[in-house]
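Colleague: Sharing run-v1.csv below, CSV, C-alpha atoms:
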chain,number,residue,atom,x,y,z
W,1,MET,CA,3.1,123.6,-65.1
W,2,ALA,CA,5.5,126.3,-63.9
W,3,ARG,CA,6.6,126.4,-60.3
W,4,TYR,CA,3.7,126.4,-57.8
W,5,GLU,CA,4.2,127.3,-54.2
W,6,VAL,CA,1.9,126.3,-51.3
W,7,ARG,CA,2.3,126.9,-47.6
W,8,LEU,CA,0.1,125.2,-45.0
W,9,SER,CA,0.0,126.7,-41.6
W,10,GLY,CA,-1.6,126.3,-38.2
W,11,SER,CA,-0.7,125.0,-34.8
W,12,GLY,CA,1.0,121.8,-33.7
W,13,GLY,CA,-1.2,118.8,-33.7
W,14,GLN,CA,-3.4,119.9,-36.6
W,15,GLY,CA,-1.7,117.6,-39.0
W,16,ILE,CA,-0.3,120.3,-41.2
W,17,ILE,CA,2.9,118.4,-42.1
W,18,LEU,CA,1.0,115.3,-43.0
W,19,ALA,CA,-1.3,117.3,-45.3
W,20,GLY,CA,1.9,118.7,-47.0
W,21,ARG,CA,3.3,115.3,-47.5
W,22,ILE,CA,0.1,114.0,-49.1
W,23,LEU,CA,0.0,117.0,-51.5
W,24,ALA,CA,3.6,116.4,-52.5
W,25,HIS,CA,2.9,112.7,-53.0
W,26,ALA,CA,-0.1,113.4,-55.1
W,27,ALA,CA,2.0,115.6,-57.4
W,28,ALA,CA,5.1,113.4,-57.6
W,29,ILE,CA,3.8,109.9,-57.5
W,30,TYR,CA,0.4,110.3,-59.2
W,31,GLU,CA,1.0,113.2,-61.5
W,32,GLY,CA,4.6,112.6,-62.4
W,33,LYS,CA,5.7,116.1,-61.4
W,34,ASN,CA,8.6,117.2,-59.2
W,35,ALA,CA,7.8,118.2,-55.7
W,36,VAL,CA,9.8,119.4,-52.6
W,37,GLN,CA,8.1,119.3,-49.2
W,38,SER,CA,9.8,121.0,-46.3
W,39,GLN,CA,9.4,122.1,-42.7
W,40,SER,CA,11.4,124.8,-41.0
W,41,TYR,CA,11.7,124.5,-37.2
W,42,GLY,CA,13.0,127.2,-35.0
W,43,PRO,CA,12.9,127.8,-31.4
W,44,GLU,CA,9.3,129.1,-32.0
W,45,ALA,CA,8.3,125.6,-32.8
W,46,ARG,CA,8.2,125.1,-29.0
W,47,GLY,CA,5.2,127.4,-29.0
W,48,GLY,CA,3.2,125.1,-31.2
W,49,ALA,CA,3.2,126.9,-34.5
W,50,SER,CA,3.4,124.6,-37.5
W,51,LYS,CA,3.9,125.1,-41.2
W,52,ALA,CA,4.7,123.0,-44.2
W,53,GLU,CA,5.7,124.1,-47.6
W,54,VAL,CA,5.2,122.2,-50.9
W,55,ILE,CA,6.7,123.3,-54.2
W,56,ILE,CA,5.4,121.6,-57.3
W,57,SER,CA,6.8,121.9,-60.8
W,58,ASP,CA,7.2,120.2,-64.1
W,59,GLU,CA,10.8,121.1,-64.0
W,60,ASP,CA,13.7,120.6,-61.6
W,61,ILE,CA,13.2,122.6,-58.4
W,62,ASP,CA,16.5,124.3,-57.8
W,63,TYR,CA,15.5,126.6,-55.0
W,64,PRO,CA,13.3,124.6,-52.6
W,65,LYS,CA,12.1,127.4,-50.4
W,66,CYS,CA,8.9,129.4,-51.0
W,67,THR,CA,9.4,132.9,-52.2
W,68,ARG,CA,6.0,134.1,-53.4
W,69,LEU,CA,3.1,131.9,-52.4
W,70,ASP,CA,0.5,130.9,-55.0
W,71,ALA,CA,-1.7,129.5,-52.2
W,72,LEU,CA,-1.7,129.9,-48.4
W,73,LEU,CA,-3.8,127.8,-46.0
W,74,SER,CA,-4.1,129.2,-42.4
W,75,LEU,CA,-5.9,127.4,-39.6
W,76,THR,CA,-5.1,130.0,-37.0
W,77,GLN,CA,-5.2,133.8,-36.8
W,78,GLU,CA,-1.5,133.8,-35.7
W,79,ALA,CA,-0.4,131.8,-38.8
W,80,LEU,CA,-2.4,134.1,-41.1
W,81,LYS,CA,-0.8,137.2,-39.5
W,82,LYS,CA,2.6,135.8,-39.9
W,83,TYR,CA,2.4,134.5,-43.5
W,84,LEU,CA,-0.1,136.6,-45.4
W,85,LYS,CA,2.6,139.0,-46.5
W,86,ASP,CA,4.2,136.1,-48.6
W,87,LEU,CA,1.1,135.5,-50.6
W,88,LYS,CA,1.0,136.7,-54.2
W,89,GLN,CA,-1.3,139.6,-55.0
W,90,ASP,CA,-3.4,137.2,-57.2
W,91,GLY,CA,-2.9,134.2,-55.0
W,92,ILE,CA,-5.4,132.1,-53.1
W,93,LEU,CA,-6.0,132.3,-49.4
W,94,LEU,CA,-7.8,129.5,-47.5
W,95,ALA,CA,-8.6,130.6,-44.0
W,96,ASP,CA,-10.6,128.8,-41.3
W,97,ALA,CA,-13.9,130.7,-40.8
W,98,ASP,CA,-14.1,130.1,-37.1
W,99,ALA,CA,-10.4,130.4,-36.1
W,100,ILE,CA,-9.8,133.5,-38.2
W,101,LYS,CA,-12.1,136.4,-37.9
W,102,LYS,CA,-10.0,139.2,-39.4
W,103,ILE,CA,-8.7,139.0,-43.0
W,104,PRO,CA,-6.9,142.0,-44.3
W,105,PRO,CA,-8.3,143.1,-47.7
W,106,GLY,CA,-6.1,142.3,-50.8
W,107,GLY,CA,-6.2,141.3,-54.4
W,108,TYR,CA,-6.1,137.6,-53.5
W,109,ARG,CA,-9.0,135.2,-53.8
W,110,VAL,CA,-10.3,134.3,-50.3
W,111,ILE,CA,-11.8,130.9,-49.4
W,112,HIS,CA,-13.1,131.6,-45.8
W,113,LYS,CA,-14.7,128.3,-44.8
W,114,PRO,CA,-15.2,126.3,-41.6
W,115,PHE,CA,-12.7,123.5,-42.2
W,116,ILE,CA,-12.3,122.6,-38.5
W,117,GLN,CA,-16.1,122.6,-37.8
W,118,THR,CA,-16.8,120.6,-41.0
W,119,ALA,CA,-14.3,118.0,-39.8
W,120,ALA,CA,-16.0,117.9,-36.4
W,121,GLN,CA,-19.6,118.0,-37.5
W,122,THR,CA,-20.0,116.7,-41.0
W,123,VAL,CA,-17.2,114.1,-40.8
W,124,GLY,CA,-17.4,113.5,-37.1
W,125,LYS,CA,-13.7,113.8,-36.2
W,126,SER,CA,-12.1,117.2,-35.7
W,127,ILE,CA,-8.7,115.5,-36.2
W,128,VAL,CA,-9.3,115.3,-40.0
W,129,ALA,CA,-9.6,119.1,-40.3
W,130,ASN,CA,-6.2,119.0,-42.1
W,131,ILE,CA,-7.7,116.7,-44.8
W,132,VAL,CA,-10.9,118.9,-45.1
W,133,ALA,CA,-8.6,121.9,-45.7
W,134,LEU,CA,-6.5,119.9,-48.2
W,135,GLY,CA,-9.6,119.0,-50.1
W,136,ALA,CA,-10.6,122.7,-50.3
W,137,LEU,CA,-7.1,123.7,-51.4
W,138,VAL,CA,-7.0,121.2,-54.2
W,139,GLN,CA,-10.5,122.1,-55.4
W,140,ALA,CA,-9.7,125.8,-55.3
W,141,THR,CA,-6.2,125.6,-56.9
W,142,GLY,CA,-6.4,122.6,-59.2
W,143,VAL,CA,-2.7,122.1,-58.5
W,144,VAL,CA,-3.3,118.3,-58.6
W,145,SER,CA,-6.2,116.3,-59.9
W,146,GLU,CA,-9.0,114.9,-57.7
W,147,GLU,CA,-7.8,111.4,-58.7
W,148,ALA,CA,-4.2,112.1,-57.6
W,149,ILE,CA,-5.1,113.6,-54.2
W,150,THR,CA,-7.5,110.7,-53.6
W,151,GLN,CA,-4.8,108.1,-54.3
W,152,ALA,CA,-2.3,110.0,-52.2
W,153,VAL,CA,-4.7,110.2,-49.2
W,154,LEU,CA,-5.4,106.5,-49.5
W,155,ASN,CA,-1.7,105.8,-49.6
W,156,ARG,CA,-0.5,108.0,-46.8
W,157,VAL,CA,-3.1,108.0,-44.0
W,158,PRO,CA,-3.0,105.4,-41.2
W,159,LYS,CA,-4.6,102.0,-42.1
W,160,GLY,CA,-8.2,101.8,-41.0
W,161,THR,CA,-8.8,105.6,-41.4
W,162,GLU,CA,-9.0,105.6,-45.2
W,163,ASP,CA,-12.8,106.0,-45.4
W,164,LEU,CA,-12.9,108.7,-42.8
W,165,ASN,CA,-10.1,110.7,-44.6
W,166,LEU,CA,-11.8,110.3,-48.0
W,167,GLN,CA,-15.0,111.6,-46.5
W,168,ALA,CA,-13.0,114.6,-45.1
W,169,LEU,CA,-11.4,115.2,-48.5
W,170,ARG,CA,-14.7,115.3,-50.3
W,171,ALA,CA,-16.3,117.5,-47.6
W,172,GLY,CA,-13.4,120.0,-48.1
W,173,MET,CA,-13.9,120.0,-51.9
W,174,ALA,CA,-17.6,120.6,-51.4
W,175,LEU,CA,-16.9,123.6,-49.3
W,176,VAL,CA,-15.4,125.3,-52.3
W,177,THR,CA,-17.8,124.0,-55.1
W,178,GLU,CA,-20.8,125.0,-53.1
W,179,GLY,CA,-19.5,128.6,-53.3
X,1,MET,CA,27.4,125.7,-34.5
X,2,ALA,CA,27.7,126.6,-38.2
X,3,ARG,CA,25.5,125.1,-40.8
X,4,TYR,CA,25.5,121.2,-40.6
X,5,GLU,CA,24.0,119.2,-43.5
X,6,VAL,CA,22.7,115.6,-43.2
X,7,ARG,CA,21.1,113.4,-45.8
X,8,LEU,CA,19.4,110.1,-44.9
X,9,SER,CA,18.8,107.8,-47.8
X,10,GLY,CA,17.4,104.3,-48.5
X,11,SER,CA,14.3,102.8,-50.0
X,12,GLY,CA,10.7,103.5,-49.4
X,13,GLY,CA,9.3,101.9,-46.2
X,14,GLN,CA,12.5,102.2,-44.3
X,15,GLY,CA,11.3,105.2,-42.3
X,16,ILE,CA,13.9,107.5,-43.7
X,17,ILE,CA,11.7,110.6,-43.5
X,18,LEU,CA,10.6,109.9,-39.9
X,19,ALA,CA,14.2,109.7,-38.9
X,20,GLY,CA,14.8,113.0,-40.5
X,21,ARG,CA,11.9,114.6,-38.8
X,22,ILE,CA,13.1,113.3,-35.4
X,23,LEU,CA,16.6,114.7,-36.0
X,24,ALA,CA,15.1,118.1,-36.9
X,25,HIS,CA,12.9,118.1,-33.8
X,26,ALA,CA,15.8,117.1,-31.6
X,27,ALA,CA,17.8,120.1,-32.9
X,28,ALA,CA,15.0,122.7,-32.9
X,29,ILE,CA,12.8,121.8,-30.0
X,30,TYR,CA,15.3,120.3,-27.6
X,31,GLU,CA,18.5,122.2,-28.5
X,32,GLY,CA,17.0,125.6,-29.5
X,33,LYS,CA,18.7,125.6,-32.9
X,34,ASN,CA,17.2,126.2,-36.3
X,35,ALA,CA,16.4,123.2,-38.5
X,36,VAL,CA,14.9,122.6,-41.9
X,37,GLN,CA,13.8,119.2,-42.9
X,38,SER,CA,12.9,118.4,-46.5
X,39,GLN,CA,12.0,115.7,-49.0
X,40,SER,CA,12.3,116.0,-52.7
X,41,TYR,CA,10.0,113.7,-54.7
X,42,GLY,CA,10.4,113.2,-58.4
X,43,PRO,CA,9.0,110.6,-60.8
X,44,GLU,CA,11.8,108.3,-59.5
X,45,ALA,CA,10.0,108.2,-56.2
X,46,ARG,CA,7.7,105.6,-57.9
X,47,GLY,CA,10.7,103.3,-57.8
X,48,GLY,CA,10.9,103.3,-54.0
X,49,ALA,CA,14.0,105.4,-53.5
X,50,SER,CA,13.7,107.6,-50.4
X,51,LYS,CA,15.7,110.5,-49.0
X,52,ALA,CA,15.4,113.1,-46.4
X,53,GLU,CA,17.6,116.1,-45.7
X,54,VAL,CA,18.1,117.9,-42.4
X,55,ILE,CA,20.0,121.2,-42.1
X,56,ILE,CA,20.8,122.4,-38.6
X,57,SER,CA,22.3,125.8,-37.7
X,58,ASP,CA,22.6,128.3,-34.9
X,59,GLU,CA,21.7,130.9,-37.5
X,60,ASP,CA,18.9,131.5,-39.9
X,61,ILE,CA,18.9,128.9,-42.7
X,62,ASP,CA,18.5,130.9,-45.9
X,63,TYR,CA,19.3,128.2,-48.4
X,64,PRO,CA,17.4,125.1,-47.3
X,65,LYS,CA,18.9,122.6,-49.7
X,66,CYS,CA,22.0,120.5,-49.0
X,67,THR,CA,25.0,121.5,-51.0
X,68,ARG,CA,28.0,119.7,-49.3
X,69,LEU,CA,27.0,117.0,-46.9
X,70,ASP,CA,28.6,116.8,-43.5
X,71,ALA,CA,27.0,113.4,-43.0
X,72,LEU,CA,25.4,110.8,-45.3
X,73,LEU,CA,23.5,107.8,-44.2
X,74,SER,CA,22.8,105.1,-46.8
X,75,LEU,CA,20.8,102.0,-46.2
X,76,THR,CA,21.0,100.7,-49.9
X,77,GLN,CA,23.8,100.4,-52.4
X,78,GLU,CA,21.7,102.4,-54.9
X,79,ALA,CA,21.4,105.3,-52.5
X,80,LEU,CA,25.1,105.3,-51.7
X,81,LYS,CA,26.0,105.3,-55.4
X,82,LYS,CA,23.6,108.2,-56.0
X,83,TYR,CA,24.6,110.5,-53.1
X,84,LEU,CA,28.2,109.8,-52.1
X,85,LYS,CA,29.5,112.5,-54.5
X,86,ASP,CA,27.7,115.1,-52.3
X,87,LEU,CA,29.6,114.1,-49.2
X,88,LYS,CA,32.4,116.5,-48.0
X,89,GLN,CA,35.9,115.1,-48.2
X,90,ASP,CA,36.1,115.0,-44.4
X,91,GLY,CA,32.5,114.1,-43.9
X,92,ILE,CA,31.0,111.1,-42.2
X,93,LEU,CA,29.5,108.2,-44.1
X,94,LEU,CA,27.2,105.7,-42.4
X,95,ALA,CA,26.5,102.7,-44.6
X,96,ASP,CA,24.6,99.5,-43.8
X,97,ALA,CA,27.1,96.7,-43.6
X,98,ASP,CA,24.8,94.1,-45.2
X,99,ALA,CA,23.0,96.1,-47.8
X,100,ILE,CA,26.2,97.9,-49.0
X,101,LYS,CA,29.2,95.8,-50.0
X,102,LYS,CA,31.2,98.3,-52.1
X,103,ILE,CA,32.3,101.6,-50.6
X,104,PRO,CA,34.6,103.7,-52.8
X,105,PRO,CA,37.7,104.9,-51.0
X,106,GLY,CA,37.8,108.6,-49.9
X,107,GLY,CA,38.9,110.9,-47.2
X,108,TYR,CA,35.6,110.6,-45.3
X,109,ARG,CA,35.2,108.7,-42.1
X,110,VAL,CA,33.2,105.4,-42.7
X,111,ILE,CA,30.9,103.8,-40.2
X,112,HIS,CA,30.1,100.5,-41.9
X,113,LYS,CA,27.7,98.7,-39.5
X,114,PRO,CA,24.8,96.3,-39.6
X,115,PHE,CA,21.9,98.8,-38.8
X,116,ILE,CA,19.2,96.6,-40.4
X,117,GLN,CA,20.5,93.4,-38.8
X,118,THR,CA,20.9,95.0,-35.4
X,119,ALA,CA,17.2,96.1,-35.6
X,120,ALA,CA,16.1,92.6,-36.5
X,121,GLN,CA,18.3,90.7,-34.1
X,122,THR,CA,19.3,92.8,-31.2
X,123,VAL,CA,16.0,94.8,-31.0
X,124,GLY,CA,13.8,92.2,-32.6
X,125,LYS,CA,12.0,94.4,-35.1
X,126,SER,CA,13.6,95.2,-38.5
X,127,ILE,CA,11.2,98.1,-38.8
X,128,VAL,CA,13.3,100.2,-36.3
X,129,ALA,CA,16.4,100.0,-38.5
X,130,ASN,CA,15.8,103.8,-39.2
X,131,ILE,CA,16.2,104.5,-35.5
X,132,VAL,CA,19.2,102.3,-35.1
X,133,ALA,CA,20.9,104.2,-37.9
X,134,LEU,CA,19.8,107.5,-36.4
X,135,GLY,CA,21.4,106.5,-33.1
X,136,ALA,CA,24.6,105.7,-34.9
X,137,LEU,CA,24.5,109.0,-36.8
X,138,VAL,CA,24.0,111.0,-33.6
X,139,GLN,CA,26.8,109.2,-31.8
X,140,ALA,CA,29.2,109.6,-34.7
X,141,THR,CA,28.4,113.2,-35.5
X,142,GLY,CA,27.5,114.7,-32.2
X,143,VAL,CA,25.2,117.0,-34.1
X,144,VAL,CA,22.6,116.8,-31.3
X,145,SER,CA,23.0,115.6,-27.7
X,146,GLU,CA,21.9,112.1,-26.6
X,147,GLU,CA,19.3,113.8,-24.3
X,148,ALA,CA,17.8,115.8,-27.2
X,149,ILE,CA,17.6,112.8,-29.6
X,150,THR,CA,16.1,110.7,-26.8
X,151,GLN,CA,13.4,113.3,-26.1
X,152,ALA,CA,12.7,113.7,-29.8
X,153,VAL,CA,12.3,109.9,-30.4
X,154,LEU,CA,9.9,109.7,-27.4
X,155,ASN,CA,7.9,112.6,-28.8
X,156,ARG,CA,7.7,111.5,-32.4
X,157,VAL,CA,7.3,107.7,-32.6
X,158,PRO,CA,3.8,106.1,-32.4
X,159,LYS,CA,2.4,105.6,-28.9
X,160,GLY,CA,3.2,102.3,-27.5
X,161,THR,CA,6.5,101.9,-29.4
X,162,GLU,CA,8.6,104.2,-27.3
X,163,ASP,CA,10.5,101.5,-25.5
X,164,LEU,CA,11.2,99.6,-28.7
X,165,ASN,CA,12.5,102.7,-30.3
X,166,LEU,CA,14.7,103.8,-27.4
X,167,GLN,CA,16.2,100.4,-27.4
X,168,ALA,CA,16.9,100.8,-31.1
X,169,LEU,CA,18.4,104.2,-30.6
X,170,ARG,CA,20.8,102.9,-27.9
X,171,ALA,CA,21.7,99.9,-30.0
X,172,GLY,CA,22.7,102.2,-32.8
X,173,MET,CA,24.8,104.4,-30.6
X,174,ALA,CA,26.5,101.3,-29.2
X,175,LEU,CA,27.5,100.3,-32.8
X,176,VAL,CA,29.6,103.4,-33.0
X,177,THR,CA,31.1,103.4,-29.5
X,178,GLU,CA,32.1,99.8,-29.6
X,179,GLY,CA,34.3,100.7,-32.6
Kindly present the structure from the file in structure tokens form.

Modeller:
Amino acid sequence: MARYEVRLSGSGGQGIILAGRILAHAAAIYEGKNAVQSQSYGPEARGGASKAEVIISDEDIDYPKCTRLDALLSLTQEALKKYLKDLKQDGILLADADAIKKIPPGGYRVIHKPFIQTAAQTVGKSIVANIVALGALVQATGVVSEEAITQAVLNRVPKGTEDLNLQALRAGMALVTEG
Amino acid sequence: MARYEVRLSGSGGQGIILAGRILAHAAAIYEGKNAVQSQSYGPEARGGASKAEVIISDEDIDYPKCTRLDALLSLTQEALKKYLKDLKQDGILLADADAIKKIPPGGYRVIHKPFIQTAAQTVGKSIVANIVALGALVQATGVVSEEAITQAVLNRVPKGTEDLNLQALRAGMALVTEG
């Protein structure tokens, strides 16, 4: 696999960085690839914006910053507005259906689904919206296997929350497969 | 402040990445600087090696990977061996006194102190060795203020462990000030 760039974005407290770390673990530990996971913080971090980047490659990753995104996840309208310009023309956009009402038209594939609501209603805990979204991202992009992301979720989430998070992961995957 | 590069290294389970995130938060949220915090994972991550990088600057950080380290923390001999070559000639090396017996001579300043033992004996919980080491790093480098790192520790550690972690931070600072 050539270099694959993912940015996850939303607001503070949505677990964006944990989702990024889980994806990086899935790629590196369970798929044997190289992965770099990073957060940039600026003074705007005070405002509650949150983003995490993951770059995955079969080869060494010399430049660890995203340049053209293969996939973008946005859980807030503000995050979408800020980052959509970095998405490749033929990239994949995952946008929360309730938080984001306006999606500018483009050549990218759009997965416009209720990640947050699915976490709250189907899974029963809105705090796992990050894992619902991660499941959708993996299903839509195929950047890591279902087996790898499952193992990484089990390995990285707090003890005692494994079942809840696996349920969230599967609910997110189902949002994509159901069309 | 010009660009300042820090690498924290050790083995998996030592809380290296959490320490990196706390340092980045201290700089960005409580000091108003820019910070990038990253982890690179490769297949060697299976072996339990762990590293985290933090770059702090008053200016935009265009290249988010460490090139010449201003400060290196190593909690294992293996990590020291792997990363010492990246430390600036006049940089600062923090090395655990029990885990690391051999330190090659060089122009860098060496803080060779028992972070892990201090966590276990003075604080009473070896799991906070990462925070002891972080306290020593902040005291030795001055890269963020004591106030900023204190706030960041309080904000980022699990609820209910704040006092324990503050005690660890101060014990780490004392390791440096006591000479």

Colleague: Skip Gly12 in chain X itself and residues of its chain fewer than 2 positions away, then list as a PyMOL selection string all residues within 8 Å of it, counting all atoms listed in the file.

Modeller: chain X and resi 10+14-16+48-50

Colleague: Nearest to chain X: which of W:Lys102, W:His25, W:Arg156, W:Arg3 is it, counting only C-alpha atoms?

Modeller: W:His25

Colleague: Considering all atoms listed in the file, can you say which of X:Tyr41, X:Tyr30, X:Tyr4, X:Phe115 comes closest to Ala129 in chain X?

Modeller: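 Comparing X:Tyr41, X:Tyr30, X:Tyr4, X:Phe115 against Ala129 in chain X, the winner is X:Phe115.
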
Colleague: Near chain X, which residues of chain W fall within 6 Å when you count only C-alpha atoms, and what do they look like as a CSV table (one decimal) with C-alpha atoms, keeping the file's coordinate frame?

Modeller:
chain,number,residue,atom,x,y,z
W,28,ALA,CA,5.1,113.4,-57.6
W,29,ILE,CA,3.8,109.9,-57.5
W,32,GLY,CA,4.6,112.6,-62.4
W,34,ASN,CA,8.6,117.2,-59.2
W,35,ALA,CA,7.8,118.2,-55.7
W,36,VAL,CA,9.8,119.4,-52.6
W,37,GLN,CA,8.1,119.3,-49.2
W,38,SER,CA,9.8,121.0,-46.3
W,39,GLN,CA,9.4,122.1,-42.7
W,40,SER,CA,11.4,124.8,-41.0
W,41,TYR,CA,11.7,124.5,-37.2
W,42,GLY,CA,13.0,127.2,-35.0
W,43,PRO,CA,12.9,127.8,-31.4
W,46,ARG,CA,8.2,125.1,-29.0

Colleague: Give me, as a PyMOL selection string, all polymer residues having an atom no more than 12 Å from Ile127 in chain W, counting only C-alpha atoms and skipping those fewer than 4 positions away in the same chain.

Modeller: chain W and resi 12-16+18-19+115-121+123+131-133+161+164-165+168

Colleague: Considering only C-alpha atoms, can you say which of W:Lys159, W:Thr150, W:Ser9, W:Val144 comes closest to Asp96 in chain W?

Modeller: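 Once distances to Asp96 in chain W are computed over only C-alpha atoms, the minimum belongs to W:Ser9.
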
Colleague: Quick check, in Å to one decimal: how far apart do CA of Gly20 in chain W and CA of Ile92 in chain W lie?

Modeller: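 So the two atoms, CA of Gly20 in chain W and CA of Ile92 in chain W, lie 16.4 Å apart.
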
Colleague: Just how far from CA of Met173 in chain W is CA of Pro105 in chain W, in Å to one decimal?

Modeller: 24.1 Å

Colleague: I need every residue sitting at most 12 Å from the point (-3.8, 125.1, -56.1) (coordinates as in the file, only C-alpha atoms considered), written as a short mmCIF file (atom, residue, chain, number, x, y, z; two decimals) with C-alpha atoms, keeping the file's coordinate frame.

Modeller:
data_model
loop_
_atom_site.label_atom_id
_atom_site.label_comp_id
_atom_site.auth_asym_id
_atom_site.auth_seq_id
_atom_site.Cartn_x
_atom_site.Cartn_y
_atom_site.Cartn_z
CA MET W 1 3.10 123.60 -65.10
CA ARG W 3 6.60 126.40 -60.30
CA TYR W 4 3.70 126.40 -57.80
CA GLU W 5 4.20 127.30 -54.20
CA VAL W 6 1.90 126.30 -51.30
CA ARG W 7 2.30 126.90 -47.60
CA LEU W 8 0.10 125.20 -45.00
CA LEU W 23 0.00 117.00 -51.50
CA ALA W 24 3.60 116.40 -52.50
CA ALA W 27 2.00 115.60 -57.40
CA VAL W 54 5.20 122.20 -50.90
CA ILE W 55 6.70 123.30 -54.20
CA ILE W 56 5.40 121.60 -57.30
CA LEU W 69 3.10 131.90 -52.40
CA ASP W 70 0.50 130.90 -55.00
CA ALA W 71 -1.70 129.50 -52.20
CA LEU W 72 -1.70 129.90 -48.40
CA LEU W 73 -3.80 127.80 -46.00
CA GLY W 91 -2.90 134.20 -55.00
CA ILE W 92 -5.40 132.10 -53.10
CA LEU W 93 -6.00 132.30 -49.40
CA LEU W 94 -7.80 129.50 -47.50
CA ARG W 109 -9.00 135.20 -53.80
CA ILE W 111 -11.80 130.90 -49.40
CA ALA W 133 -8.60 121.90 -45.70
CA LEU W 134 -6.50 119.90 -48.20
CA GLY W 135 -9.60 119.00 -50.10
CA ALA W 136 -10.60 122.70 -50.30
CA LEU W 137 -7.10 123.70 -51.40
CA VAL W 138 -7.00 121.20 -54.20
CA GLN W 139 -10.50 122.10 -55.40
CA ALA W 140 -9.70 125.80 -55.30
CA THR W 141 -6.20 125.60 -56.90
CA GLY W 142 -6.40 122.60 -59.20
CA VAL W 143 -2.70 122.10 -58.50
CA VAL W 144 -3.30 118.30 -58.60
CA SER W 145 -6.20 116.30 -59.90
CA GLU W 146 -9.00 114.90 -57.70
CA ILE W 149 -5.10 113.60 -54.20
#

Colleague: Kindly give the distance, in Å, that separates CA of Glu178 in chain X and CA of Ala2 in chain X, rounded to a single decimal.

Modeller: 28.5 Å

Colleague: Smallest atom-to-atom distance to Tyr83 in chain W: which of W:Ile22, W:Leu166, W:Val153, W:Ile103, using only C-alpha atoms?

Modeller: W:Ile103

Colleague: From the set W:Thr67, W:Gln167, W:Thr122, W:Asn130, which residue has the shortest atom-to-atom contact distance to Ala95 in chain W, counting all atoms listed in the file?

Modeller: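 Of W:Thr67, W:Gln167, W:Thr122, W:Asn130, the one nearest Ala95 in chain W, counting all atoms listed in the file, is W:Asn130.
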
Colleague: Given the block above, output range 27-37 of chain W with N, CA, C and O atoms as a PDB file, in the first residue's frame.

Modeller:
ATOM      1  N   ALA W  27      -2.985  -0.535  12.144  1.00  0.00           N
ATOM      2  CA  ALA W  27      -2.121  -0.626  10.961  1.00  0.00           C
ATOM      3  C   ALA W  27      -0.742  -1.178  11.315  1.00  0.00           C
ATOM      4  O   ALA W  27      -0.195  -2.029  10.607  1.00  0.00           O
ATOM      5  N   ALA W  28      -0.166  -0.670  12.414  1.00  0.00           N
ATOM      6  CA  ALA W  28       1.230  -1.000  12.716  1.00  0.00           C
ATOM      7  C   ALA W  28       1.370  -2.329  13.438  1.00  0.00           C
ATOM      8  O   ALA W  28       2.241  -3.134  13.121  1.00  0.00           O
ATOM      9  N   ILE W  29       0.516  -2.544  14.424  1.00  0.00           N
ATOM     10  CA  ILE W  29       0.692  -3.741  15.258  1.00  0.00           C
ATOM     11  C   ILE W  29       0.022  -4.960  14.627  1.00  0.00           C
ATOM     12  O   ILE W  29       0.541  -6.058  14.688  1.00  0.00           O
ATOM     13  N   TYR W  30      -1.139  -4.748  14.016  1.00  0.00           N
ATOM     14  CA  TYR W  30      -1.893  -5.907  13.524  1.00  0.00           C
ATOM     15  C   TYR W  30      -1.819  -6.105  12.013  1.00  0.00           C
ATOM     16  O   TYR W  30      -2.256  -7.123  11.508  1.00  0.00           O
ATOM     17  N   GLU W  31      -1.268  -5.117  11.295  1.00  0.00           N
ATOM     18  CA  GLU W  31      -1.109  -5.279   9.840  1.00  0.00           C
ATOM     19  C   GLU W  31       0.358  -5.213   9.426  1.00  0.00           C
ATOM     20  O   GLU W  31       0.662  -5.375   8.246  1.00  0.00           O
ATOM     21  N   GLY W  32       1.248  -4.896  10.370  1.00  0.00           N
ATOM     22  CA  GLY W  32       2.678  -4.863  10.038  1.00  0.00           C
ATOM     23  C   GLY W  32       3.102  -3.709   9.150  1.00  0.00           C
ATOM     24  O   GLY W  32       4.155  -3.746   8.517  1.00  0.00           O
ATOM     25  N   LYS W  33       2.279  -2.662   9.103  1.00  0.00           N
ATOM     26  CA  LYS W  33       2.639  -1.495   8.291  1.00  0.00           C
ATOM     27  C   LYS W  33       3.343  -0.446   9.153  1.00  0.00           C
ATOM     28  O   LYS W  33       3.482  -0.603  10.360  1.00  0.00           O
ATOM     29  N   ASN W  34       3.773   0.627   8.527  1.00  0.00           N
ATOM     30  CA  ASN W  34       4.271   1.775   9.276  1.00  0.00           C
ATOM     31  C   ASN W  34       3.127   2.761   9.461  1.00  0.00           C
ATOM     32  O   ASN W  34       2.272   2.905   8.584  1.00  0.00           O
ATOM     33  N   ALA W  35       3.125   3.438  10.598  1.00  0.00           N
ATOM     34  CA  ALA W  35       2.079   4.430  10.866  1.00  0.00           C
ATOM     35  C   ALA W  35       2.648   5.562  11.706  1.00  0.00           C
ATOM     36  O   ALA W  35       3.476   5.328  12.588  1.00  0.00           O
ATOM     37  N   VAL W  36       2.234   6.761  11.396  1.00  0.00           N
ATOM     38  CA  VAL W  36       2.559   7.927  12.222  1.00  0.00           C
ATOM     39  C   VAL W  36       1.243   8.550  12.636  1.00  0.00           C
ATOM     40  O   VAL W  36       0.346   8.733  11.808  1.00  0.00           O
ATOM     41  N   GLN W  37       1.112   8.852  13.915  1.00  0.00           N
ATOM     42  CA  GLN W  37      -0.120   9.455  14.417  1.00  0.00           C
ATOM     43  C   GLN W  37       0.266  10.744  15.121  1.00  0.00           C
ATOM     44  O   GLN W  37       1.188  10.761  15.928  1.00  0.00           O
TER      45      GLN W  37
END
